[in-house]
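Below: one structure, written as C-alpha cells.
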Amino acid sequence: MNRDNDIIKALGYVALYSAYLEEGIDIVMQRLSSIKNIKKSDHKLPTSQKIKWCKSVLSSLQNDELNDLINLLEDSKALLEERNEVIHGRIYANNDRSEILKSGRKNIEDREVTASELYDLAEEIFKVQAAVPNIYYFETMKSISKFKNAQRIRIDSARNEPRSYPVVEQARPQGAIHIKQISLFDFGVDAVLCFSTLFQRRAGAFTCQQAKKIRFL
C-alpha cells in the first residue's frame, strides 16, 4: 500500500478491505451452517450479529484450539466499529489544513483525523480479513466432523433404546390375560399390533411365546 497524505484514498482502502473482512465472516458462517441452520433472516443481520452467531457456534464445538479464531472474530468486530466511525462520519478540512471528523452519532465530540491513521486502520483490517476465513480451517472442519459424529451416535443410541408400550388387560369368559408391558425389541412392532388386534377381537388367549409365532401375520 502506497501511503501518502490523501485522506480520501486512505478512506477508500478502509472501505474496500472492510468489505473483504465482511465476506470472510460470511464464509465462516456458511462453514458453520453444517451444524446450525442459517435462517434467511440471518443473512441480513448486521456483521456484529453475524460475528456473535459464529462465536456461539464455535464455542459449542468445545475445542480450545478454536479460541484464536473466536478472538480474531472479536478483533474483527472492534475494527469494523472503527470503520463505522470514519465511514459514517463526515470529514471536514480545518482552517489549519487539518481534517476534522464529525461523528454521525449524537454526543460524540469532533476530533482530528489523519490519512496516516486511516492507512493504519486499513492495514489492520487487511491482515485480519486474510486470516478470518483461513485460520484454523482444518481444525474447524475436524471439530465440525467430530461434533456431527457425536450427534449421530446420540441419535442412533436413542433409536436403539428399548421402548415399552403398556397393553390394557383384556378379559375372556374362561379367565383373564394380564400383560403389563410389551417391548418392541422382544417381539417387534407386528407382534404388538397382533396382540392389540387379538385382544380387541377376543379371539383367544396368547402367551408371549405364541406372540413370536404370529409376528408376520
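Identifiers for the C-alpha cells are assigned positionally: chains receive A, B, ... in sequence, residues are indexed from 1 per chain, and ligands are indexed from 1 in the order shown.
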
Range 5-13 of chain A environment, 6 Å, only C-alpha atoms, sequence neighbours closer than 5 positions dropped, as a short mmCIF file (atom, residue, chain, number, x, y, z; two decimals) with all heavy atoms, in the first residue's frame:
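Ended up saving to out26.cif:
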data_model
loop_
_atom_site.label_atom_id
_atom_site.label_comp_id
_atom_site.auth_asym_id
_atom_site.auth_seq_id
_atom_site.Cartn_x
_atom_site.Cartn_y
_atom_site.Cartn_z
N ALA A 115 -4.64 10.99 7.40
CA ALA A 115 -4.52 9.93 6.41
C ALA A 115 -3.72 8.77 6.99
O ALA A 115 -4.04 7.60 6.75
CB ALA A 115 -3.86 10.47 5.14
N LEU A 118 -5.87 6.49 9.05
CA LEU A 118 -6.75 5.66 8.22
C LEU A 118 -5.98 4.57 7.50
O LEU A 118 -6.49 3.46 7.33
CB LEU A 118 -7.52 6.54 7.23
CG LEU A 118 -8.48 7.56 7.85
CD1 LEU A 118 -9.21 8.33 6.76
CD2 LEU A 118 -9.47 6.88 8.79
N TYR A 119 -4.76 4.87 7.08
CA TYR A 119 -3.93 3.82 6.45
C TYR A 119 -3.61 2.73 7.47
O TYR A 119 -3.60 1.54 7.13
CB TYR A 119 -2.65 4.42 5.89
CG TYR A 119 -2.79 5.05 4.53
CD1 TYR A 119 -2.47 6.39 4.30
CD2 TYR A 119 -3.24 4.29 3.43
CE1 TYR A 119 -2.60 6.96 3.04
CE2 TYR A 119 -3.37 4.86 2.18
CZ TYR A 119 -3.05 6.19 1.99
OH TYR A 119 -3.18 6.76 0.73
N ALA A 122 -6.64 0.63 7.78
CA ALA A 122 -6.82 -0.19 6.58
C ALA A 122 -5.88 -1.39 6.60
O ALA A 122 -6.27 -2.52 6.24
CB ALA A 122 -6.58 0.64 5.32
#

Please identify all polymer residues within 8 Å of range 65-69 of chain A, counting only C-alpha atoms, omitting same-chain residues fewer than 4 positions from it, and present them as an mmCIF file with all heavy atoms, in the first residue's frame.
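Result saved to out-v6.cif:
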data_model
loop_
_atom_site.group_PDB
_atom_site.id
_atom_site.type_symbol
_atom_site.label_atom_id
_atom_site.label_comp_id
_atom_site.auth_asym_id
_atom_site.auth_seq_id
_atom_site.Cartn_x
_atom_site.Cartn_y
_atom_site.Cartn_z
ATOM 1 N N LEU A 58 -18.983 -21.715 17.358
ATOM 2 C CA LEU A 58 -17.617 -22.175 17.586
ATOM 3 C C LEU A 58 -17.421 -22.611 19.038
ATOM 4 O O LEU A 58 -16.762 -23.615 19.310
ATOM 5 C CB LEU A 58 -16.621 -21.064 17.238
ATOM 6 C CG LEU A 58 -16.405 -20.792 15.748
ATOM 7 C CD1 LEU A 58 -15.643 -19.493 15.543
ATOM 8 C CD2 LEU A 58 -15.672 -21.953 15.084
ATOM 9 N N LEU A 73 -12.365 -13.070 15.598
ATOM 10 C CA LEU A 73 -13.687 -12.535 15.256
ATOM 11 C C LEU A 73 -14.031 -11.341 16.149
ATOM 12 O O LEU A 73 -14.644 -10.364 15.689
ATOM 13 C CB LEU A 73 -14.746 -13.633 15.397
ATOM 14 C CG LEU A 73 -14.725 -14.716 14.321
ATOM 15 C CD1 LEU A 73 -15.636 -15.865 14.707
ATOM 16 C CD2 LEU A 73 -15.134 -14.154 12.961
ATOM 17 N N VAL A 132 -9.289 -14.409 8.803
ATOM 18 C CA VAL A 132 -10.586 -14.906 9.290
ATOM 19 C C VAL A 132 -11.067 -16.169 8.583
ATOM 20 O O VAL A 132 -11.400 -17.159 9.239
ATOM 21 C CB VAL A 132 -11.656 -13.792 9.216
ATOM 22 C CG1 VAL A 132 -13.058 -14.375 9.357
ATOM 23 C CG2 VAL A 132 -11.422 -12.768 10.321
ATOM 24 N N ILE A 135 -7.673 -19.080 9.001
ATOM 25 C CA ILE A 135 -7.012 -19.538 10.212
ATOM 26 C C ILE A 135 -7.757 -20.733 10.813
ATOM 27 O O ILE A 135 -8.983 -20.738 10.902
ATOM 28 C CB ILE A 135 -6.907 -18.391 11.246
ATOM 29 C CG1 ILE A 135 -6.013 -18.826 12.411
ATOM 30 C CG2 ILE A 135 -8.267 -17.953 11.749
ATOM 31 C CD1 ILE A 135 -5.682 -17.690 13.365
ATOM 32 N N TYR A 136 -7.016 -21.759 11.157
ATOM 33 C CA TYR A 136 -7.564 -22.973 11.757
ATOM 34 C C TYR A 136 -8.700 -23.579 10.924
ATOM 35 O O TYR A 136 -9.672 -24.104 11.464
ATOM 36 C CB TYR A 136 -8.037 -22.709 13.184
ATOM 37 C CG TYR A 136 -6.903 -22.447 14.126
ATOM 38 C CD1 TYR A 136 -6.788 -21.216 14.782
ATOM 39 C CD2 TYR A 136 -5.911 -23.403 14.352
ATOM 40 C CE1 TYR A 136 -5.729 -20.953 15.635
ATOM 41 C CE2 TYR A 136 -4.855 -23.148 15.202
ATOM 42 C CZ TYR A 136 -4.764 -21.931 15.838
ATOM 43 O OH TYR A 136 -3.713 -21.678 16.667
ATOM 44 N N GLU A 139 -8.706 -27.344 11.525
ATOM 45 C CA GLU A 139 -9.136 -27.629 12.892
ATOM 46 C C GLU A 139 -10.646 -27.408 13.037
ATOM 47 O O GLU A 139 -11.339 -28.161 13.707
ATOM 48 C CB GLU A 139 -8.383 -26.731 13.881
ATOM 49 C CG GLU A 139 -8.595 -27.114 15.340
ATOM 50 C CD GLU A 139 -8.110 -28.513 15.646
ATOM 51 O OE1 GLU A 139 -7.041 -28.908 15.136
ATOM 52 O OE2 GLU A 139 -8.817 -29.222 16.391
ATOM 53 N N THR A 140 -11.137 -26.377 12.370
ATOM 54 C CA THR A 140 -12.582 -26.110 12.395
ATOM 55 C C THR A 140 -13.356 -27.248 11.746
ATOM 56 O O THR A 140 -14.350 -27.738 12.295
ATOM 57 C CB THR A 140 -12.905 -24.789 11.666
ATOM 58 O OG1 THR A 140 -12.203 -23.720 12.289
ATOM 59 C CG2 THR A 140 -14.400 -24.502 11.713
#

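Shortest separation to Glu82 in chain A among A:Ile125, A:Met29, A:Ala131, A:Ile144 occurs at residue A:Ile125, atoms counted being only C-alpha atoms.
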
Closest of A:Gly24, A:Pro46, A:Pro133, A:Gly89 to Ile108 in chain A - atom-to-atom distances counting only C-alpha atoms: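 Looking at the shortest contact to Ile108 in chain A, the residue is A:Gly89.
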
Length of the CA of Gln62 in chain A to CA of Lys50 in chain A vector [Å]: 19.4 Å

Spatial neighbours of Ser60 in chain A, max dist 12 Å, only C-alpha atoms, sep filter under 6 positions, as a ChimeraX atom specification: /A:32,35-36,53-54,66-67,70,140,143-144,146-148

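For the pair CA of Gly104 in chain A and CA of Lys77 in chain A, the separation is 18.7 Å.
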
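CA of Ser76 in chain A lies 24.9 Å from CA of Asn107 in chain A.
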
Strand (DSSP E) residues, from DSSP on the backbone, in range 32-164 of chain A, as number ranges by chain: A: 90-93, 99-102, 111-113, 164

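Residue nearest Phe138 in chain A within the list A:Leu21, A:Arg31, A:Val57, A:Leu16: A:Arg31 [criterion: smallest interatomic distance, only C-alpha atoms].
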
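Close contacts of Val113 in chain A, defined as residues with an atom at most 7 Å away when counting only C-alpha atoms, with chain neighbours fewer than 2 positions off set aside, comprise Glu99, Ile100, Leu101, Arg111 and Glu117 of chain A.
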
What does the file look like for those residues with C-alpha atoms, as a PDB file, in the first residue's frame?
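Contents of part10.pdb, as written:
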ATOM      1  CA  GLU A  99      -9.074  17.293   8.857  1.00  0.00           C
ATOM      2  CA  ILE A 100     -11.852  17.096  11.402  1.00  0.00           C
ATOM      3  CA  LEU A 101     -14.057  14.041  11.789  1.00  0.00           C
ATOM      4  CA  ARG A 111     -11.792  15.027  16.566  1.00  0.00           C
ATOM      5  CA  GLU A 117      -4.442   6.946  10.942  1.00  0.00           C
TER       6      GLU A 117
END
